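> For reference, this is query39.cif, and it has mmCIF, C-alpha atoms.
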data_my_file
#
loop_
_atom_site.label_atom_id
_atom_site.label_comp_id
_atom_site.auth_asym_id
_atom_site.auth_seq_id
_atom_site.Cartn_x
_atom_site.Cartn_y
_atom_site.Cartn_z
CA MET A 1 -9.80 -85.67 -191.23
CA LEU A 2 -12.06 -85.10 -188.19
CA HIS A 3 -11.20 -88.55 -186.81
CA ALA A 4 -7.47 -87.93 -187.34
CA VAL A 5 -7.62 -84.60 -185.57
CA ASN A 6 -9.54 -86.03 -182.63
CA LEU A 7 -7.13 -88.93 -182.28
CA SER A 8 -4.09 -86.68 -182.41
CA ALA A 9 -5.53 -84.63 -179.55
CA ILE A 10 -5.70 -87.66 -177.21
CA ASN A 11 -2.62 -89.16 -175.55
CA LEU A 12 -2.16 -92.26 -173.43
CA ASN A 13 -2.62 -90.30 -170.22
CA ASP A 14 -6.05 -89.27 -171.49
CA VAL A 15 -6.94 -92.91 -172.10
CA ARG A 16 -5.72 -93.80 -168.61
CA ALA A 17 -7.78 -91.01 -167.07
CA LEU A 18 -10.82 -92.03 -169.11
CA HIS A 19 -10.50 -95.64 -167.96
CA PHE A 20 -10.35 -94.86 -164.25
CA LEU A 21 -12.94 -92.08 -164.32
CA LEU A 22 -15.45 -94.30 -166.12
CA ASP A 23 -14.58 -97.37 -164.10
CA GLU A 24 -14.97 -95.62 -160.74
CA ALA A 25 -17.66 -93.07 -161.71
CA HIS A 26 -16.13 -91.05 -158.88
CA VAL A 27 -13.56 -88.29 -159.30
CA ALA A 28 -11.76 -88.70 -155.95
CA ARG A 29 -11.44 -92.50 -156.28
CA ALA A 30 -10.22 -92.15 -159.86
CA ALA A 31 -7.67 -89.58 -158.67
CA ARG A 32 -6.28 -92.10 -156.17
CA LYS A 33 -5.94 -94.74 -158.89
CA LEU A 34 -4.25 -92.19 -161.15
CA ALA A 35 -1.99 -90.93 -158.34
CA ILE A 36 -3.07 -87.32 -158.98
CA THR A 37 -5.07 -84.76 -157.02
CA PRO A 38 -8.89 -84.62 -157.25
CA ALA A 39 -8.52 -81.21 -158.90
CA ALA A 40 -6.29 -82.70 -161.60
CA ALA A 41 -8.78 -85.53 -162.11
CA SER A 42 -11.59 -82.97 -162.48
CA ASN A 43 -9.52 -81.13 -165.08
CA ALA A 44 -8.95 -84.41 -166.94
CA LEU A 45 -12.71 -85.10 -166.91
CA ARG A 46 -13.41 -81.61 -168.24
CA ARG A 47 -10.85 -82.11 -171.03
CA LEU A 48 -12.26 -85.52 -171.96
CA ARG A 49 -15.79 -84.10 -172.10
CA THR A 50 -14.60 -81.57 -174.66
CA GLN A 51 -12.58 -84.09 -176.68
CA LEU A 52 -15.39 -86.64 -176.79
CA ASP A 53 -18.24 -84.14 -176.97
CA ASP A 54 -20.12 -85.94 -174.19
CA PRO A 55 -20.61 -85.19 -170.46
CA LEU A 56 -19.49 -88.81 -169.66
CA LEU A 57 -20.42 -88.54 -165.95
CA VAL A 58 -23.55 -86.70 -164.85
CA ARG A 59 -24.86 -85.94 -161.39
CA SER A 60 -27.75 -88.00 -160.04
CA GLY A 61 -28.48 -86.96 -156.49
CA ARG A 62 -25.21 -87.19 -154.61
CA THR A 63 -23.50 -89.56 -157.05
CA LEU A 64 -22.19 -89.50 -160.60
CA VAL A 65 -23.62 -91.85 -163.21
CA ARG A 66 -22.24 -92.75 -166.62
CA THR A 67 -23.93 -91.51 -169.75
CA PRO A 68 -24.90 -94.13 -172.38
CA ARG A 69 -21.82 -93.22 -174.40
CA ALA A 70 -19.61 -93.52 -171.32
CA GLU A 71 -20.94 -97.03 -170.76
CA ARG A 72 -20.00 -97.92 -174.35
CA LEU A 73 -16.52 -96.42 -173.91
CA ARG A 74 -15.62 -98.31 -170.71
CA GLU A 75 -14.54 -101.54 -172.39
CA PRO A 76 -12.63 -99.95 -175.31
CA ALA A 77 -10.75 -97.69 -172.88
CA ARG A 78 -9.82 -100.69 -170.73
CA ARG A 79 -8.64 -102.66 -173.79
CA VAL A 80 -6.51 -99.78 -175.11
CA LEU A 81 -4.88 -99.26 -171.72
CA ARG A 82 -4.17 -102.96 -171.30
CA ALA A 83 -2.74 -103.19 -174.83
CA ALA A 84 -0.44 -100.26 -174.09
CA GLU A 85 0.74 -101.91 -170.87
CA GLU A 86 1.50 -105.15 -172.74
CA LEU A 87 3.30 -103.23 -175.48
CA PHE A 88 5.73 -101.59 -173.06
CA GLU A 89 6.05 -104.66 -170.83
CA ALA A 90 6.99 -107.00 -173.69
CA GLY A 91 10.49 -108.30 -173.16
CA THR A 92 10.95 -106.27 -169.98
CA PRO A 93 11.61 -108.15 -166.72
CA PHE A 94 8.82 -107.58 -164.22
CA ASP A 95 9.92 -105.63 -161.16
CA PRO A 96 7.29 -106.08 -158.41
CA VAL A 97 8.94 -103.47 -156.20
CA ARG A 98 8.17 -100.77 -158.77
CA TYR A 99 4.78 -102.09 -159.86
CA GLU A 100 1.94 -99.65 -159.07
CA GLY A 101 -0.96 -101.52 -160.68
CA GLU A 102 -3.65 -103.85 -159.38
CA LEU A 103 -3.36 -107.54 -158.52
CA VAL A 104 -6.72 -109.32 -158.75
CA ILE A 105 -7.61 -112.69 -157.19
CA THR A 106 -11.05 -114.24 -157.72
CA THR A 107 -12.17 -116.87 -155.23
CA SER A 108 -14.79 -117.73 -152.62
CA ASP A 109 -15.02 -115.91 -149.29
CA ARG A 110 -14.02 -119.01 -147.36
CA VAL A 111 -10.79 -119.48 -149.37
CA ALA A 112 -10.02 -115.76 -149.32
CA GLU A 113 -10.32 -115.69 -145.55
CA VAL A 114 -7.59 -118.30 -145.19
CA VAL A 115 -5.23 -117.15 -147.95
CA LEU A 116 -5.57 -113.37 -147.60
CA PRO A 117 -3.39 -112.84 -144.49
CA ALA A 118 -0.38 -114.56 -146.08
CA LEU A 119 -1.06 -113.00 -149.48
CA ASP A 120 -1.40 -109.53 -147.98
CA LYS A 121 1.93 -109.93 -146.18
CA LEU A 122 3.72 -111.13 -149.33
CA VAL A 123 2.32 -108.32 -151.49
CA SER A 124 3.26 -105.72 -148.84
CA GLU A 125 6.82 -107.05 -148.72
CA ARG A 126 7.45 -107.64 -152.41
CA ALA A 127 5.15 -105.24 -154.28
CA PRO A 128 4.61 -102.44 -151.76
CA GLN A 129 3.14 -100.01 -154.29
CA ALA A 130 0.65 -102.48 -155.79
CA SER A 131 -3.02 -102.70 -154.84
CA LEU A 132 -4.59 -106.08 -154.06
CA THR A 133 -8.22 -106.90 -154.88
CA MET A 134 -9.93 -110.09 -153.64
CA ARG A 135 -13.02 -110.60 -155.78
CA ALA A 136 -15.91 -112.99 -155.10
CA VAL A 137 -16.49 -115.77 -157.63
CA THR A 138 -19.32 -114.99 -160.04
CA VAL A 139 -20.48 -116.29 -163.39
CA GLY A 140 -18.28 -115.39 -166.33
CA VAL A 141 -14.96 -115.94 -164.58
CA GLY A 142 -13.28 -116.72 -167.91
CA ALA A 143 -14.27 -113.40 -169.47
CA PHE A 144 -13.15 -111.54 -166.36
CA LEU A 145 -9.76 -113.28 -166.34
CA ARG A 146 -9.30 -112.53 -170.03
CA ASP A 147 -10.07 -108.83 -169.56
CA GLN A 148 -8.49 -108.13 -166.15
CA GLY A 149 -5.54 -110.53 -166.27
CA GLY A 150 -5.92 -111.80 -162.72
CA VAL A 151 -6.15 -115.36 -161.42
CA ALA A 152 -8.93 -117.40 -159.83
CA ILE A 153 -8.97 -120.14 -157.19
CA VAL A 154 -11.90 -122.44 -157.92
CA PRO A 155 -12.90 -126.10 -157.42
CA LEU A 156 -11.91 -128.54 -160.14
CA ASP A 157 -15.50 -128.96 -161.33
CA ALA A 158 -16.04 -125.17 -161.60
CA ARG A 159 -13.40 -124.60 -164.28
CA GLU A 160 -14.59 -123.03 -167.52
CA PRO A 161 -13.47 -124.33 -170.94
CA GLY A 162 -10.56 -122.55 -172.60
CA LEU A 163 -8.73 -121.56 -169.42
CA ARG A 164 -5.32 -122.67 -168.14
CA ASP A 165 -5.14 -124.23 -164.71
CA GLU A 166 -2.92 -126.15 -162.33
CA PRO A 167 -3.45 -127.97 -158.99
CA LEU A 168 -3.24 -125.64 -155.99
CA PHE A 169 -4.52 -127.41 -152.88
CA VAL A 170 -6.96 -130.06 -151.75
CA ASP A 171 -9.86 -128.94 -149.59
CA ASP A 172 -10.99 -131.85 -147.47
CA PHE A 173 -13.81 -131.83 -144.93
CA VAL A 174 -13.93 -131.95 -141.14
CA CYS A 175 -16.66 -132.10 -138.54
CA VAL A 176 -16.94 -129.05 -136.28
CA LEU A 177 -18.56 -128.82 -132.84
CA ARG A 178 -18.18 -126.67 -129.76
CA LYS A 179 -15.46 -127.68 -127.32
CA ARG A 180 -17.99 -128.36 -124.54
CA HIS A 181 -20.23 -130.46 -126.78
CA PRO A 182 -21.18 -133.80 -125.10
CA LEU A 183 -19.58 -135.65 -128.02
CA ALA A 184 -16.28 -133.79 -127.69
CA GLN A 185 -15.19 -136.00 -124.79
CA ARG A 186 -16.62 -139.29 -126.08
CA ARG A 187 -15.32 -141.82 -128.56
CA TRP A 188 -16.04 -140.56 -132.04
CA THR A 189 -18.09 -143.09 -134.03
CA VAL A 190 -20.18 -142.94 -137.18
CA GLN A 191 -23.26 -143.89 -135.12
CA ARG A 192 -22.81 -140.98 -132.70
CA PHE A 193 -22.08 -138.68 -135.61
CA ALA A 194 -25.36 -139.72 -137.28
CA ARG A 195 -27.41 -139.30 -134.11
CA ALA A 196 -26.24 -135.73 -133.56
CA GLU A 197 -28.25 -132.72 -134.70
CA HIS A 198 -26.70 -131.26 -137.87
CA VAL A 199 -26.38 -127.91 -139.63
CA LEU A 200 -26.15 -128.15 -143.43
CA VAL A 201 -24.75 -125.53 -145.81
CA ALA A 202 -26.77 -125.54 -149.05
CA PRO A 203 -26.00 -122.42 -151.11
CA ARG A 204 -29.36 -122.53 -152.88
CA ALA A 205 -31.27 -124.11 -149.99
CA LEU A 206 -32.89 -126.48 -152.48
CA SER A 207 -32.29 -129.64 -150.48
CA GLY A 208 -31.71 -130.81 -146.93
CA ARG A 209 -29.44 -133.59 -148.18
CA SER A 210 -25.83 -133.79 -149.27
CA THR A 211 -23.18 -136.39 -150.13
CA THR A 212 -22.76 -136.99 -146.39
CA ASP A 213 -26.33 -138.34 -146.23
CA ASP A 214 -25.71 -140.69 -149.15
CA LEU A 215 -22.58 -142.08 -147.45
CA LEU A 216 -24.41 -142.53 -144.15
CA ALA A 217 -27.14 -144.44 -145.98
CA GLU A 218 -24.51 -146.96 -147.10
CA HIS A 219 -24.00 -147.69 -143.38
CA GLY A 220 -27.76 -147.99 -142.85
CA LEU A 221 -27.79 -144.65 -141.00
CA ALA A 222 -29.53 -141.31 -141.38
CA ARG A 223 -28.91 -137.98 -139.69
CA ARG A 224 -31.22 -135.20 -138.63
CA VAL A 225 -30.52 -131.89 -140.36
CA SER A 226 -32.32 -129.36 -138.20
CA ARG A 227 -30.86 -126.18 -139.69
CA VAL A 228 -30.09 -125.33 -143.34
CA VAL A 229 -28.16 -122.17 -144.18
CA THR A 230 -27.07 -120.72 -147.50
CA SER A 231 -23.51 -119.66 -146.62
CA PHE A 232 -20.64 -120.89 -144.48
CA ALA A 233 -20.56 -117.63 -142.53
CA LEU A 234 -23.97 -118.46 -141.03
CA VAL A 235 -22.86 -121.80 -139.59
CA MET A 236 -20.63 -120.73 -136.70
CA PRO A 237 -23.25 -118.95 -134.54
CA LEU A 238 -25.44 -122.06 -134.72
CA LEU A 239 -22.59 -124.30 -133.54
CA VAL A 240 -21.33 -122.06 -130.74
CA ALA A 241 -24.72 -121.72 -129.10
CA SER A 242 -25.98 -125.32 -129.36
CA ASP A 243 -25.09 -129.01 -129.48
CA ARG A 244 -25.38 -129.10 -133.25
CA ILE A 245 -22.48 -130.20 -135.44
CA ALA A 246 -21.55 -129.44 -139.06
CA VAL A 247 -19.41 -130.86 -141.84
CA LEU A 248 -17.34 -128.00 -143.28
CA PRO A 249 -14.37 -127.49 -145.64
CA ARG A 250 -11.07 -127.42 -143.78
CA SER A 251 -10.12 -124.14 -145.49
CA PHE A 252 -13.08 -122.43 -143.84
CA VAL A 253 -12.50 -124.00 -140.44
CA LEU A 254 -8.79 -123.08 -140.34
CA ALA A 255 -9.67 -119.41 -140.08
CA ARG A 256 -12.48 -119.63 -137.55
CA ALA A 257 -12.63 -122.68 -135.30
CA GLU A 258 -10.11 -121.71 -132.62
CA ALA A 259 -11.38 -118.15 -132.33
CA ARG A 260 -14.94 -119.39 -131.85
CA ASP A 261 -14.07 -121.97 -129.16
CA LEU A 262 -14.84 -124.85 -131.51
CA THR A 263 -13.09 -128.16 -132.00
CA VAL A 264 -12.59 -130.38 -135.04
CA ARG A 265 -13.17 -134.10 -135.56
CA PRO A 266 -12.69 -136.23 -138.68
CA VAL A 267 -15.76 -136.96 -140.76
CA PRO A 268 -16.46 -140.65 -139.99
CA VAL A 269 -17.51 -141.44 -143.58
CA ALA A 270 -15.29 -141.33 -146.68
CA LEU A 271 -16.28 -137.88 -147.92
CA PRO A 272 -14.26 -137.05 -151.07
CA ALA A 273 -11.98 -134.04 -150.93
CA VAL A 274 -12.37 -131.13 -153.36
CA PRO A 275 -9.34 -130.39 -155.60
CA MET A 276 -8.86 -126.62 -155.86
CA ARG A 277 -7.22 -125.18 -158.97
CA LEU A 278 -5.36 -122.00 -159.82
CA VAL A 279 -6.96 -120.74 -163.04
CA TRP A 280 -6.01 -118.03 -165.55
CA HIS A 281 -6.69 -117.03 -169.14
CA PRO A 282 -4.19 -118.24 -171.79
CA ALA A 283 -3.81 -114.68 -173.10
CA HIS A 284 -1.71 -113.95 -170.00
CA GLU A 285 0.27 -117.19 -169.95
CA GLN A 286 3.66 -115.58 -170.63
CA ASP A 287 3.05 -112.17 -169.06
CA PRO A 288 5.94 -111.76 -166.53
CA ARG A 289 3.66 -109.99 -164.06
CA HIS A 290 1.15 -112.80 -164.30
CA VAL A 291 3.81 -115.49 -163.89
CA TRP A 292 4.98 -113.67 -160.75
CA LEU A 293 1.42 -113.41 -159.39
CA ARG A 294 0.77 -117.13 -159.88
CA ALA A 295 3.96 -117.98 -157.98
CA LEU A 296 2.95 -115.58 -155.21
CA VAL A 297 -0.45 -117.23 -154.81
CA ARG A 298 1.17 -120.66 -154.58
CA GLU A 299 3.52 -119.36 -151.88
CA ALA A 300 0.60 -117.84 -149.95
CA VAL A 301 -1.26 -121.17 -150.05
CA ARG A 302 1.78 -122.96 -148.60
CA ALA A 303 2.10 -120.34 -145.85
CA SER A 304 -1.62 -120.63 -145.03
CA GLY A 305 -1.39 -124.28 -143.97
CA LEU A 306 -3.60 -125.63 -146.74
CA LYS A 307 -2.93 -129.13 -148.04
CA GLU A 308 -1.09 -128.74 -151.36
CA SER A 309 -2.14 -130.86 -154.32
#
Here is the file; what I need is its structure written in the form of structure tokens.


Amino acid sequence: MLHAVNLSAINLNDVRALHFLLDEAHVARAARKLAITPAAASNALRRLRTQLDDPLLVRSGRTLVRTPRAERLREPARRVLRAAEELFEAGTPFDPVRYEGELVITTSDRVAEVVLPALDKLVSERAPQASLTMRAVTVGVGAFLRDQGGVAIVPLDAREPGLRDEPLFVDDFVCVLRKRHPLAQRRWTVQRFARAEHVLVAPRALSGRSTTDDLLAEHGLARRVSRVVTSFALVMPLLVASDRIAVLPRSFVLARAEARDLTVRPVPVALPAVPMRLVWHPAHEQDPRHVWLRALVREAVRASGLKES
């Protein structure tokens, strides 16, 4: 009887408030997500504390932290809210103009930097009330896509088992150097490429070699890698201020080369391109909102100048 009484006292708005309050651990941010005032969000928190007989969020210095029970409730609250959304969306055409929820894209910073301007424009035009979140790729992408219902843009070899995917674009490689580099005005050959001083991106900095070195070795050549960095964002300052060169993905270079006074040359060895895939969880295969989001991402890729698969 106690469980029945407690359940009857909680409505879907309470579940929605619980989800955003626990997810944000911040009353004002939760209020924005709920489209209510901070005072109303505080009242909802007070009501939930009584209903659940737990403080849920407690003060620690200047921030709020979740209680152990609140941590356990986060996932069930999210699942209940998502199930309710699917229940009322079933069989209903998706209207992006009226959609007020969140659109989530998971990808690397370098891809996001190229795709985001076009994607932002499309979302603003077609789903003006929606929020857009670009999330960095981490481990457990499959679980995140299952729970959050977004999409991911990842290399072909980074796909996880059990997910749906389709070709999106091909990320090939180019050589980047400053416009006033001595090689910029000379005939571009594999020998001159090999003799130049190189910057290498190695995310884990475990090796100063890459596939480029293996391909040069087939020509009886070796290059000098004088700088190794762990992210693409660290490359540009080293190229602008020196006569070093770097082999980089075209998707990264598209967004930065011109602004940094850099120029692009082809890689003089047959470096294989990287097929990029649009990935999602099969649980959302037929969700009209999800179908719309996948089409929007494909359109943004075309508008961004990336080479479609």

> Between A:Arg98, A:Arg110, A:Arg29, A:Arg186, single out the one closest to Glu125 of chain A, counting all atoms listed in the file.

A:Arg98

> When the PyMOL selection byres ((chain A and resi 23) around 10) is applied to the structure above, which residues does it catch, written out as a PyMOL selection string?

chain A and resi 17-22+24-26+29-30+66+70-71+74-75+77-78

> Compile the contact shell of Ser226 of chain A as a PyMOL selection string: residues with an atom at most 12 Å away, counting all atoms listed in the file, same-chain residues fewer than 5 positions apart removed.

chain A and resi 195-201+208-209+238-239+242-246

> Please, what distance in Å, to one decimal, runs between atom CA of Pro55 of chain A and atom CA of Ala40 of chain A?

17.0 Å

> Could you state which residues are captured by the PyMOL selection byres ((chain A and resi 192) around 12) in this file, as a list of chain:residue names?

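The output of the PyMOL selection byres ((chain A and resi 192) around 12) on this file is A:Pro182, A:Leu183, A:Ala184, A:Arg186, A:Arg187, A:Trp188, A:Thr189, A:Val190, A:Gln191, A:Phe193, A:Ala194, A:Arg195, A:Ala196, A:Glu197, A:His198, A:Leu216, A:Leu221, A:Ala222, A:Arg223, A:Arg224, A:Ile245, A:Val267, A:Pro268.
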
> Please compute the atom CA of Ala41 of chain A-atom CA of Gly150 of chain A distance, one decimal, in Å.

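It comes out at 26.4 Å.
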
> Once the PyMOL selection byres ((chain A and resi 116-122) around 7) is applied to the coordinates I shared, what remains selected? I want it as a ChimeraX atom specification.

/A:112-115,123-126,297,300,303-304

> Quick one: pull the distance between atom CA of Asp14 of chain A and atom CA of Ala44 of chain A, Å, one decimal.

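Computing it gives 7.3 Å between the two atoms.
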